[in-house]
Structure formats: C-alpha cells, structure tokens
$ cat my_file-v8.cif   # mmCIF, C-alpha atoms, pLDDT in the B column; chains and numbers go by the auth columns
data_entry
#
loop_
_atom_site.group_PDB
_atom_site.id
_atom_site.type_symbol
_atom_site.label_atom_id
_atom_site.label_comp_id
_atom_site.label_asym_id
_atom_site.label_seq_id
_atom_site.Cartn_x
_atom_site.Cartn_y
_atom_site.Cartn_z
_atom_site.B_iso_or_equiv
_atom_site.auth_seq_id
_atom_site.auth_asym_id
ATOM 1 C CA MET A 1 0.000 0.000 0.000 54.00 1 T
ATOM 2 C CA ALA A 2 2.806 2.354 0.858 53.00 2 T
ATOM 3 C CA SER A 3 4.468 1.643 -2.462 58.00 3 T
ATOM 4 C CA GLU A 4 1.264 2.427 -4.302 54.00 4 T
ATOM 5 C CA LEU A 5 0.916 5.734 -2.447 54.00 5 T
ATOM 6 C CA PHE A 6 4.537 6.540 -3.231 53.00 6 T
ATOM 7 C CA LEU A 7 3.907 5.781 -6.885 53.00 7 T
ATOM 8 C CA LEU A 8 0.812 7.979 -6.935 54.00 8 T
ATOM 9 C CA ASN A 9 2.719 10.832 -5.293 60.00 9 T
ATOM 10 C CA ALA A 10 5.493 10.466 -7.851 61.00 10 T
ATOM 11 C CA ILE A 11 2.973 10.576 -10.668 60.00 11 T
ATOM 12 C CA PHE A 12 1.279 13.648 -9.182 57.00 12 T
ATOM 13 C CA ASP A 13 4.665 15.326 -8.697 59.00 13 T
ATOM 14 C CA SER A 14 5.639 14.653 -12.304 67.00 14 T
ATOM 15 C CA VAL A 15 2.277 15.974 -13.499 61.00 15 T
ATOM 16 C CA TYR A 16 2.714 19.101 -11.419 65.00 16 T
ATOM 17 C CA LEU A 17 6.254 19.504 -12.690 64.00 17 T
ATOM 18 C CA SER A 18 5.135 19.065 -16.290 71.00 18 T
ATOM 19 C CA SER A 19 2.303 21.504 -15.751 69.00 19 T
ATOM 20 C CA ALA A 20 4.707 23.998 -14.217 67.00 20 T
ATOM 21 C CA ILE A 21 7.086 23.627 -17.145 71.00 21 T
ATOM 22 C CA ILE A 22 4.248 24.052 -19.628 72.00 22 T
ATOM 23 C CA ALA A 23 3.019 27.105 -17.729 66.00 23 T
ATOM 24 C CA ILE A 24 6.500 28.639 -17.743 68.00 24 T
ATOM 25 C CA VAL A 25 6.914 27.997 -21.459 67.00 25 T
ATOM 26 C CA ALA A 26 3.464 29.429 -22.157 66.00 26 T
ATOM 27 C CA PHE A 27 4.315 32.436 -19.987 63.00 27 T
ATOM 28 C CA ILE A 28 7.512 33.005 -21.978 64.00 28 T
ATOM 29 C CA PHE A 29 5.691 32.710 -25.300 70.00 29 T
ATOM 30 C CA ILE A 30 2.884 34.995 -24.162 76.00 30 T
ATOM 31 C CA PHE A 31 4.809 37.659 -22.261 79.00 31 T
ATOM 32 C CA PHE A 32 8.150 37.753 -24.088 83.00 32 T
ATOM 33 C CA ARG A 33 9.016 38.643 -27.683 86.00 33 T
ATOM 34 C CA ILE A 34 12.300 38.485 -29.612 88.00 34 T
ATOM 35 C CA PHE A 35 13.216 41.397 -31.845 90.00 35 T
ATOM 36 C CA TYR A 36 16.050 41.119 -34.369 92.00 36 T
ATOM 37 C CA GLU A 37 18.910 43.560 -34.808 92.00 37 T
ATOM 38 C CA TYR A 38 17.370 45.066 -37.955 92.00 38 T
ATOM 39 C CA GLU A 39 13.989 45.605 -36.252 92.00 39 T
ATOM 40 C CA ARG A 40 12.483 48.225 -34.007 92.00 40 T
ATOM 41 C CA ALA A 41 9.075 47.895 -32.324 93.00 41 T
ATOM 42 C CA VAL A 42 6.773 50.773 -31.471 94.00 42 T
ATOM 43 C CA LEU A 43 5.057 49.871 -28.189 94.00 43 T
ATOM 44 C CA PHE A 44 1.597 51.073 -27.200 94.00 44 T
ATOM 45 C CA THR A 45 0.166 50.716 -23.703 92.00 45 T
ATOM 46 C CA LEU A 46 -3.613 50.973 -23.557 90.00 46 T
ATOM 47 C CA GLY A 47 -3.493 52.594 -26.989 88.00 47 T
ATOM 48 C CA ARG A 48 -0.935 55.277 -26.101 92.00 48 T
ATOM 49 C CA TYR A 49 2.644 55.365 -27.316 92.00 49 T
ATOM 50 C CA SER A 50 5.033 54.136 -24.649 91.00 50 T
ATOM 51 C CA ARG A 51 8.451 53.664 -26.185 91.00 51 T
ATOM 52 C CA THR A 52 10.428 52.214 -29.059 93.00 52 T
ATOM 53 C CA ILE A 53 11.663 48.707 -28.300 92.00 53 T
ATOM 54 C CA LYS A 54 15.235 47.842 -29.247 91.00 54 T
ATOM 55 C CA PRO A 55 16.522 44.399 -30.388 92.00 55 T
ATOM 56 C CA GLY A 56 16.651 41.471 -27.958 90.00 56 T
ATOM 57 C CA LEU A 57 14.268 39.582 -25.654 87.00 57 T
ATOM 58 C CA ARG A 58 11.604 41.991 -24.424 87.00 58 T
ATOM 59 C CA PHE A 59 8.714 41.688 -21.942 86.00 59 T
ATOM 60 C CA ILE A 60 5.271 42.502 -23.380 87.00 60 T
ATOM 61 C CA ILE A 61 2.029 42.484 -21.390 85.00 61 T
ATOM 62 C CA PRO A 62 -0.668 40.872 -23.555 84.00 62 T
ATOM 63 C CA ILE A 63 -3.913 42.771 -24.213 84.00 63 T
ATOM 64 C CA ILE A 64 -2.665 45.814 -22.306 89.00 64 T
ATOM 65 C CA GLN A 65 0.329 46.356 -24.578 88.00 65 T
ATOM 66 C CA THR A 66 0.549 46.058 -28.367 91.00 66 T
ATOM 67 C CA TYR A 67 3.394 46.732 -30.728 92.00 67 T
ATOM 68 C CA THR A 68 4.231 47.246 -34.415 92.00 68 T
ATOM 69 C CA ARG A 69 7.454 45.924 -35.915 93.00 69 T
ATOM 70 C CA ILE A 70 9.417 48.259 -38.216 93.00 70 T
ATOM 71 C CA ASP A 71 12.238 47.103 -40.479 92.00 71 T
ATOM 72 C CA ILE A 72 15.020 49.703 -40.429 92.00 72 T
ATOM 73 C CA ARG A 73 17.019 48.151 -43.283 93.00 73 T
ATOM 74 C CA MET A 74 17.255 49.969 -46.600 93.00 74 T
ATOM 75 C CA GLU A 75 14.170 49.408 -48.719 92.00 75 T
ATOM 76 C CA VAL A 76 13.682 49.729 -52.464 92.00 76 T
ATOM 77 C CA VAL A 77 10.612 51.170 -54.146 90.00 77 T
ATOM 78 C CA ASP A 78 10.134 50.597 -57.865 91.00 78 T
ATOM 79 C CA VAL A 79 8.399 53.769 -59.051 89.00 79 T
ATOM 80 C CA PRO A 80 5.955 52.657 -61.783 89.00 80 T
ATOM 81 C CA GLN A 81 6.179 54.071 -65.283 89.00 81 T
ATOM 82 C CA GLN A 82 4.615 57.519 -65.485 88.00 82 T
ATOM 83 C CA ASN A 83 3.437 59.404 -68.541 88.00 83 T
ATOM 84 C CA ALA A 84 4.676 62.982 -68.357 88.00 84 T
ATOM 85 C CA ILE A 85 4.950 65.984 -70.675 87.00 85 T
ATOM 86 C CA THR A 86 8.220 67.886 -70.768 88.00 86 T
ATOM 87 C CA LYS A 87 8.587 71.660 -70.808 88.00 87 T
ATOM 88 C CA ASP A 88 8.788 71.644 -74.621 85.00 88 T
ATOM 89 C CA ASN A 89 5.540 69.607 -74.885 85.00 89 T
ATOM 90 C CA VAL A 90 7.045 66.177 -75.603 85.00 90 T
ATOM 91 C CA SER A 91 5.226 63.158 -74.178 86.00 91 T
ATOM 92 C CA VAL A 92 7.565 60.681 -72.440 89.00 92 T
ATOM 93 C CA ASN A 93 7.189 57.602 -70.234 90.00 93 T
ATOM 94 C CA VAL A 94 9.575 57.611 -67.266 92.00 94 T
ATOM 95 C CA ASN A 95 10.178 55.124 -64.464 91.00 95 T
ATOM 96 C CA ALA A 96 12.636 55.144 -61.574 92.00 96 T
ATOM 97 C CA VAL A 97 13.855 53.295 -58.499 94.00 97 T
ATOM 98 C CA LEU A 98 13.979 54.856 -55.025 94.00 98 T
ATOM 99 C CA TYR A 99 16.116 53.763 -52.046 95.00 99 T
ATOM 100 C CA PHE A 100 15.158 54.766 -48.500 95.00 100 T
ATOM 101 C CA LYS A 101 15.308 53.689 -44.874 94.00 101 T
ATOM 102 C CA ILE A 102 13.436 54.449 -41.646 94.00 102 T
ATOM 103 C CA PHE A 103 15.307 56.713 -39.218 93.00 103 T
ATOM 104 C CA ASP A 104 12.435 57.189 -36.726 93.00 104 T
ATOM 105 C CA SER A 105 10.173 54.178 -36.138 93.00 105 T
ATOM 106 C CA LYS A 106 7.736 56.179 -34.004 93.00 106 T
ATOM 107 C CA LEU A 107 6.988 58.641 -36.833 93.00 107 T
ATOM 108 C CA ALA A 108 6.719 55.844 -39.409 93.00 108 T
ATOM 109 C CA VAL A 109 3.919 54.246 -37.370 93.00 109 T
ATOM 110 C CA ILE A 110 2.092 57.247 -35.900 93.00 110 T
ATOM 111 C CA LYS A 111 2.317 59.870 -38.662 91.00 111 T
ATOM 112 C CA VAL A 112 1.436 57.762 -41.710 92.00 112 T
ATOM 113 C CA GLU A 113 -0.767 54.719 -42.194 90.00 113 T
ATOM 114 C CA ASN A 114 1.443 52.947 -44.762 91.00 114 T
ATOM 115 C CA TYR A 115 4.809 54.615 -45.232 92.00 115 T
ATOM 116 C CA LEU A 116 5.807 52.339 -48.143 92.00 116 T
ATOM 117 C CA ASP A 117 2.757 53.258 -50.214 92.00 117 T
ATOM 118 C CA ALA A 118 3.052 56.912 -49.183 93.00 118 T
ATOM 119 C CA VAL A 119 6.658 57.132 -50.361 93.00 119 T
ATOM 120 C CA SER A 120 5.781 55.435 -53.663 92.00 120 T
ATOM 121 C CA GLN A 121 2.891 57.807 -54.387 93.00 121 T
ATOM 122 C CA LEU A 122 4.974 60.835 -53.429 93.00 122 T
ATOM 123 C CA ALA A 123 7.810 59.721 -55.721 93.00 123 T
ATOM 124 C CA GLN A 124 5.425 59.248 -58.662 93.00 124 T
ATOM 125 C CA THR A 125 3.910 62.703 -58.278 92.00 125 T
ATOM 126 C CA THR A 126 7.278 64.382 -57.791 93.00 126 T
ATOM 127 C CA MET A 127 8.786 62.635 -60.821 92.00 127 T
ATOM 128 C CA ARG A 128 5.970 63.854 -63.091 91.00 128 T
ATOM 129 C CA ASN A 129 6.305 67.417 -61.765 92.00 129 T
ATOM 130 C CA VAL A 130 10.084 67.554 -62.169 93.00 130 T
ATOM 131 C CA VAL A 131 9.980 66.086 -65.694 92.00 131 T
ATOM 132 C CA GLY A 132 7.424 68.759 -66.618 90.00 132 T
ATOM 133 C CA GLU A 133 9.904 71.482 -65.626 91.00 133 T
ATOM 134 C CA VAL A 134 12.688 70.454 -68.029 91.00 134 T
ATOM 135 C CA THR A 135 13.017 70.096 -71.785 89.00 135 T
ATOM 136 C CA LEU A 136 13.542 66.777 -73.540 87.00 136 T
ATOM 137 C CA ASP A 137 17.223 67.517 -74.199 85.00 137 T
ATOM 138 C CA GLU A 138 17.784 68.294 -70.506 88.00 138 T
ATOM 139 C CA LEU A 139 15.930 65.136 -69.491 89.00 139 T
ATOM 140 C CA LEU A 140 18.139 62.981 -71.720 85.00 140 T
ATOM 141 C CA SER A 141 21.465 64.677 -70.972 86.00 141 T
ATOM 142 C CA GLN A 142 21.071 65.612 -67.268 89.00 142 T
ATOM 143 C CA ARG A 143 19.537 62.490 -65.740 89.00 143 T
ATOM 144 C CA ASP A 144 21.722 62.637 -62.615 90.00 144 T
ATOM 145 C CA LYS A 145 20.783 66.246 -61.933 92.00 145 T
ATOM 146 C CA ILE A 146 17.061 65.500 -62.339 92.00 146 T
ATOM 147 C CA SER A 147 17.350 62.380 -60.148 92.00 147 T
ATOM 148 C CA ASN A 148 18.989 64.432 -57.383 93.00 148 T
ATOM 149 C CA LYS A 149 16.246 67.041 -57.600 93.00 149 T
ATOM 150 C CA ILE A 150 13.553 64.359 -57.230 93.00 150 T
ATOM 151 C CA LYS A 151 15.473 62.894 -54.262 93.00 151 T
ATOM 152 C CA GLU A 152 15.684 66.254 -52.476 93.00 152 T
ATOM 153 C CA ILE A 153 11.961 66.965 -52.885 94.00 153 T
ATOM 154 C CA VAL A 154 10.860 63.494 -51.757 94.00 154 T
ATOM 155 C CA ASP A 155 13.325 63.514 -48.853 93.00 155 T
ATOM 156 C CA ILE A 156 12.036 66.830 -47.494 94.00 156 T
ATOM 157 C CA ALA A 157 8.385 65.800 -47.886 93.00 157 T
ATOM 158 C CA SER A 158 8.909 62.394 -46.200 93.00 158 T
ATOM 159 C CA ASP A 159 10.916 63.640 -43.199 93.00 159 T
ATOM 160 C CA PRO A 160 7.751 63.953 -41.034 93.00 160 T
ATOM 161 C CA TRP A 161 7.152 60.227 -41.641 93.00 161 T
ATOM 162 C CA GLY A 162 10.561 59.244 -40.294 93.00 162 T
ATOM 163 C CA VAL A 163 11.797 58.309 -43.784 94.00 163 T
ATOM 164 C CA LYS A 164 15.273 59.128 -45.097 94.00 164 T
ATOM 165 C CA VAL A 165 15.614 58.946 -48.892 94.00 165 T
ATOM 166 C CA ILE A 166 19.064 57.683 -49.887 94.00 166 T
ATOM 167 C CA SER A 167 18.904 58.047 -53.678 93.00 167 T
ATOM 168 C CA VAL A 168 16.606 58.153 -56.691 92.00 168 T
ATOM 169 C CA ASP A 169 17.686 56.826 -60.097 91.00 169 T
ATOM 170 C CA LEU A 170 15.815 57.270 -63.372 90.00 170 T
ATOM 171 C CA LYS A 171 15.863 53.816 -64.995 86.00 171 T
ATOM 172 C CA HIS A 172 14.246 54.269 -68.380 86.00 172 T
ATOM 173 C CA ILE A 173 12.977 57.116 -70.560 86.00 173 T
ATOM 174 C CA GLU A 174 10.729 56.003 -73.409 85.00 174 T
ATOM 175 C CA LEU A 175 9.693 58.237 -76.302 81.00 175 T
ATOM 176 C CA ALA A 176 6.841 57.881 -78.757 74.00 176 T
ATOM 177 C CA GLU A 177 7.709 56.254 -82.095 75.00 177 T
ATOM 178 C CA GLU A 178 7.028 59.502 -84.003 73.00 178 T
ATOM 179 C CA MET A 179 9.456 61.373 -81.776 69.00 179 T
ATOM 180 C CA LYS A 180 12.100 58.666 -82.243 68.00 180 T
ATOM 181 C CA ARG A 181 11.847 59.074 -86.025 74.00 181 T
ATOM 182 C CA VAL A 182 12.059 62.861 -85.753 70.00 182 T
ATOM 183 C CA MET A 183 15.114 62.626 -83.508 71.00 183 T
ATOM 184 C CA ALA A 184 16.728 60.141 -85.894 73.00 184 T
ATOM 185 C CA LYS A 185 16.226 62.565 -88.813 77.00 185 T
ATOM 186 C CA ALA A 186 17.600 65.435 -86.752 76.00 186 T
ATOM 187 C CA ALA A 187 20.647 63.371 -85.788 77.00 187 T
ATOM 188 C CA GLU A 188 21.200 62.396 -89.434 80.00 188 T
ATOM 189 C CA ALA A 189 20.990 66.043 -90.523 84.00 189 T
ATOM 190 C CA GLU A 190 23.437 67.016 -87.777 81.00 190 T
ATOM 191 C CA ARG A 191 25.915 64.330 -88.861 84.00 191 T
ATOM 192 C CA LEU A 192 25.601 65.491 -92.498 86.00 192 T
ATOM 193 C CA ARG A 193 26.212 69.094 -91.442 86.00 193 T
ATOM 194 C CA ARG A 194 29.343 68.127 -89.527 87.00 194 T
ATOM 195 C CA ALA A 195 30.584 66.030 -92.473 87.00 195 T
ATOM 196 C CA ILE A 196 30.164 68.948 -94.903 88.00 196 T
ATOM 197 C CA ILE A 197 31.945 71.317 -92.526 90.00 197 T
ATOM 198 C CA ILE A 198 34.814 68.885 -91.996 90.00 198 T
ATOM 199 C CA ARG A 199 35.163 68.289 -95.745 87.00 199 T
ATOM 200 C CA SER A 200 35.099 72.043 -96.429 89.00 200 T
ATOM 201 C CA ASP A 201 37.717 72.655 -93.747 87.00 201 T
ATOM 202 C CA GLY A 202 39.849 69.926 -95.296 87.00 202 T
ATOM 203 C CA ASP A 203 39.524 71.454 -98.766 84.00 203 T
ATOM 204 C CA ALA A 204 40.456 74.889 -97.418 86.00 204 T
ATOM 205 C CA ILE A 205 43.530 73.541 -95.617 89.00 205 T
ATOM 206 C CA ALA A 206 44.518 71.445 -98.657 85.00 206 T
ATOM 207 C CA SER A 207 44.230 74.417 -101.036 85.00 207 T
ATOM 208 C CA THR A 208 46.329 76.530 -98.705 85.00 208 T
ATOM 209 C CA LYS A 209 49.019 73.862 -98.520 82.00 209 T
ATOM 210 C CA ILE A 210 48.926 73.341 -102.325 78.00 210 T
ATOM 211 C CA GLY A 211 49.384 77.091 -102.859 80.00 211 T
ATOM 212 C CA GLN A 212 52.325 77.119 -100.486 80.00 212 T
ATOM 213 C CA ALA A 213 53.866 74.106 -102.241 75.00 213 T
ATOM 214 C CA ALA A 214 53.399 75.701 -105.686 74.00 214 T
ATOM 215 C CA LYS A 215 55.070 78.866 -104.476 75.00 215 T
ATOM 216 C CA ILE A 216 58.049 76.888 -103.154 73.00 216 T
ATOM 217 C CA LEU A 217 58.321 74.857 -106.382 67.00 217 T
ATOM 218 C CA SER A 218 58.251 77.994 -108.487 70.00 218 T
ATOM 219 C CA THR A 219 61.003 79.728 -106.537 73.00 219 T
ATOM 220 C CA ALA A 220 63.391 76.823 -105.840 67.00 220 T
ATOM 221 C CA LYS A 221 65.794 75.846 -108.656 68.00 221 T
ATOM 222 C CA GLY A 222 65.287 72.258 -109.839 63.00 222 T
ATOM 223 C CA ALA A 223 62.330 71.679 -107.465 65.00 223 T
ATOM 224 C CA LEU A 224 59.908 70.983 -110.285 64.00 224 T
ATOM 225 C CA HIS A 225 62.336 68.502 -111.834 64.00 225 T
ATOM 226 C CA LEU A 226 62.622 66.592 -108.534 67.00 226 T
ATOM 227 C CA ARG A 227 58.873 66.585 -108.132 69.00 227 T
ATOM 228 C CA THR A 228 58.496 65.193 -111.673 70.00 228 T
ATOM 229 C CA LEU A 229 60.948 62.404 -110.950 67.00 229 T
ATOM 230 C CA GLN A 230 59.138 61.558 -107.729 71.00 230 T
ATOM 231 C CA SER A 231 55.827 61.322 -109.595 71.00 231 T
ATOM 232 C CA LEU A 232 57.418 59.041 -112.194 67.00 232 T
ATOM 233 C CA ASN A 233 58.777 56.819 -109.430 69.00 233 T
ATOM 234 C CA ASP A 234 55.306 56.513 -107.870 70.00 234 T
ATOM 235 C CA ILE A 235 53.727 55.644 -111.222 67.00 235 T
ATOM 236 C CA ALA A 236 56.445 53.163 -112.121 68.00 236 T
ATOM 237 C CA SER A 237 55.783 51.116 -108.982 68.00 237 T
ATOM 238 C CA ASP A 238 52.904 49.436 -110.869 68.00 238 T
ATOM 239 C CA PRO A 239 54.215 47.706 -114.055 70.00 239 T
ATOM 240 C CA THR A 240 50.755 47.754 -115.655 70.00 240 T
ATOM 241 C CA ASN A 241 50.683 51.536 -115.812 66.00 241 T
ATOM 242 C CA LYS A 242 51.410 53.239 -119.127 68.00 242 T
ATOM 243 C CA VAL A 243 52.880 56.701 -118.916 65.00 243 T
ATOM 244 C CA ASN A 244 52.786 59.419 -121.560 66.00 244 T
ATOM 245 C CA PHE A 245 55.556 61.630 -120.308 61.00 245 T
ATOM 246 C CA ILE A 246 55.607 65.273 -121.323 63.00 246 T
ATOM 247 C CA ILE A 247 58.910 66.865 -120.408 60.00 247 T
ATOM 248 C CA PRO A 248 58.515 70.311 -118.884 59.00 248 T
ATOM 249 C CA LEU A 249 60.818 73.080 -120.023 59.00 249 T
ATOM 250 C CA ASP A 250 62.168 73.412 -116.502 59.00 250 T
ATOM 251 C CA THR A 251 63.443 69.841 -116.749 57.00 251 T
ATOM 252 C CA LEU A 252 65.367 70.624 -119.969 59.00 252 T
ATOM 253 C CA LYS A 253 66.798 73.751 -118.424 59.00 253 T
ATOM 254 C CA ALA A 254 68.154 71.673 -115.561 54.00 254 T
ATOM 255 C CA TYR A 255 70.026 69.442 -118.058 54.00 255 T
ATOM 256 C CA ASP A 256 71.540 72.134 -120.279 57.00 256 T
ATOM 257 C CA GLY A 257 72.941 74.133 -117.427 51.00 257 T
ATOM 258 C CA TYR A 258 70.448 76.933 -117.756 47.00 258 T
ATOM 259 C CA GLU A 259 71.287 79.633 -115.248 52.00 259 T
ATOM 260 C CA GLY A 260 68.059 81.620 -115.480 49.00 260 T
ATOM 261 C CA ASN A 261 69.372 84.305 -117.881 48.00 261 T
ATOM 262 C CA GLU A 262 67.405 85.014 -121.051 46.00 262 T
#

$ encode --input "my_file-v8.cif" --output "structure tokens"
Amino acid sequence: MASELFLLNAIFDSVYLSSAIIAIVAFIFIFFRIFYEYERAVLFTLGRYSRTIKPGLRFIIPIIQTYTRIDIRMEVVDVPQQNAITKDNVSVNVNAVLYFKIFDSKLAVIKVENYLDAVSQLAQTTMRNVVGEVTLDELLSQRDKISNKIKEIVDIASDPWGVKVISVDLKHIELAEEMKRVMAKAAEAERLRRAIIIRSDGDAIASTKIGQAAKILSTAKGALHLRTLQSLNDIASDPTNKVNFIIPLDTLKAYDGYEGNE
C-alpha cells in the first residue's frame, strides 16, 4: 500500500512539474518577444505610445500592450512608369527606383498609415512634376541632376514620416515612335552638317598647302624637276601603268645648265 501511495505521489509530482514547465513555457511565449537587430518595435500601452523597443528579448504584457514591428534596413521602391509631358511639350514615359530607410520608427507608425505606399505615391507625383519642368534635351542629358532634384523633394516631404531617402535613379525614358523618327532625322541632318563642314575645312587647308607648295616649287631651282621624278617613281611602282611623259621646259633647263638668264 505504501508503495502504491509513493507511486501515486510520484505521478502527481511529475504531473505538477510538467504543468509547471508548460506554464512557464506558455508564460515566456505569451509575455516575451524576440526582436532582431534590424527591427524596431513601437510599443503602445492601452493605446498610447510608450516607447520604441530595441533588439533582444523583451517583456510585453498581452492585451494591455501592443506593438508594431518596423524594419530599419534599406528598402527599395520601384516607381511605376509615369506618362509625363516635358517643358517643350514632348510626351515621355519615365520610371525610376527609389532607395530609403526608416530613421524614426515612431513617426513611421504614428504619422502615416502605410509609409511604403506613401513614399511610392509621393515619388510618382514628384517625378511627373520635375519632368514637366525640363526640356527633352535636358531630361536625356542631365539624368543625374534630375534624379537628385527628385530625391531632395521626396526627402524633405517624407521627413515627417521618419523616412530618409538615400537616392533616386531614373531607370528608363521612353519616347513615342514619331518622336524617335524625328530625332533620328535630326541626328542624321546634324551628322551630315558636320561632315560637310569637316570636308570644307579639309579642302580649305589642302588648297592653302597646295598654294604654299606651288610657291616653293616655283622659286626653288630644280624643285619641279625633282617633283616630276618623284611622280614618275610613284607611277612606275605598278608595271601595268602606261605613262605618256611630257617633259617640262624646266626639266630641260636643268640638263643644259640653264642659269636663269634670257
């Protein structure tokens, strides 16, 4: 009988111990939360803001206290393609990518319902406005400057939400097919203009050099004869060439010892 009572007591003790362990584990799961290094939690007690919880194991009172987790790592927002009209009335489709991070978790929870959507909508509106303030040539040639301007505007507007904009990059600028053809014709005309100018400059320089060479040949004794021999040497390099050689008078004068006196 004593052994049976001892066995029953042991069973009851083990049940109590198991119950105590289960209660402790349940208490830990209910009253404690783990927050990672890249997280912050905004704690509310009876609906009022209490504090911002830092990473680690933290005690939370159920029902009385609630919290919202905020990821403070850098986030990326893909700004959807927007149809905008430039300052010179050209329709373009522009999209961008925006990088930001949360610097104040309290503001990100209390001041705005959904900071991610708010930043995206703000970036879309700002991008359309900024594109409308520049011409097409400026949009194509000064993308970094325009991106920085969009970043500054969005950063200032999102500061009350606890958002810090790191950078904004314009990814793609798409033109209408008619505008692409017009720009292609303009580029072709510009290349033709440059080619004509370069060829004209070359002709002007060549004529100047030819005039200078003719003047030197006319004043130097025997220069024309040497030039004639050089031309014959160039022609003779190809055995298939046939040469009808007309001897200039200056060449004959070089052979008969002509001294330039009539």

$ resolve_selection --input "my_file-v8.cif" --expression "the PyMOL selection byres ((chain T and resi 74) around 9)" --output "VMD selection string"
chain T and resid 71 to 73 75 to 76 99 to 102 166

$ closest_residue --input "my_file-v8.cif" --among "T:Val109, T:Val119, T:Val131, T:Val77" --to "T:Ala41" --atoms "all atoms listed in the file"
T:Val109

$ residues_around --input "my_file-v8.cif" --residues "T:Thr135" --least-positions-apart "5" --cutoff "9 Å" --atoms "only C-alpha atoms" --output "tab-separated table (two decimals) with C-alpha atoms, keeping the file's coordinate frame"
chain	number	residue	atom	x	y	z
T	86	THR	CA	8.22	67.89	-70.77
T	87	LYS	CA	8.59	71.66	-70.81
T	88	ASP	CA	8.79	71.64	-74.62
T	89	ASN	CA	5.54	69.61	-74.89
T	90	VAL	CA	7.04	66.18	-75.60
T	140	LEU	CA	18.14	62.98	-71.72

$ residues_around --input "my_file-v8.cif" --residues "T:Thr125" --least-positions-apart "5" --cutoff "9 Å" --atoms "only C-alpha atoms" --output "list in words"
Gln82, Ser120 and Val130 of chain T

$ closest_residue --input "my_file-v8.cif" --among "T:Leu170, T:Ala84, T:Val94, T:Ile22" --to "T:Gln142" --atoms "all atoms listed in the file"
T:Leu170

$ resolve_selection --input "my_file-v8.cif" --expression "the PyMOL selection byres ((chain T and resi 174-183) around 6)" --output "ChimeraX atom specification"
/T:92-93,173,184-186

$ atom_distance --input "my_file-v8.cif" --atom1 "atom CA of T:Ile197" --atom2 "atom CA of T:Gly211"
21.1 Å

$ residues_around --input "my_file-v8.cif" --residues "T:Gln124" --least-positions-apart "3" --cutoff "9 Å" --atoms "all atoms listed in the file" --output "number ranges by chain"
T: 79-82, 95-96, 119-121, 127-129

$ atom_distance --input "my_file-v8.cif" --atom1 "atom CA of T:Thr228" --atom2 "atom CA of T:Ser207"
20.0 Å

$ atom_distance --input "my_file-v8.cif" --atom1 "atom CA of T:Val163" --atom2 "atom CA of T:Val112"
10.6 Å

$ closest_residue --input "my_file-v8.cif" --among "T:Ala123, T:Ile156, T:Ala187, T:Ile34" --to "T:Gly56" --atoms "only C-alpha atoms"
T:Ile34

$ residues_near_point --input "my_file-v8.cif" --point "(19.1, 61.1, -55.8)" --cutoff "8 Å" --atoms "all atoms listed in the file" --output "count of residues only"
11

$ resolve_selection --input "my_file-v8.cif" --expression "the PyMOL selection byres ((chain T and resi 42) around 12)" --output "JSON, numbers by chain"
{"T": [35, 39, 40, 41, 43, 44, 45, 47, 48, 49, 50, 51, 52, 53, 54, 55, 60, 65, 66, 67, 68, 69, 70, 71, 104, 105, 106, 107, 108, 109, 110]}
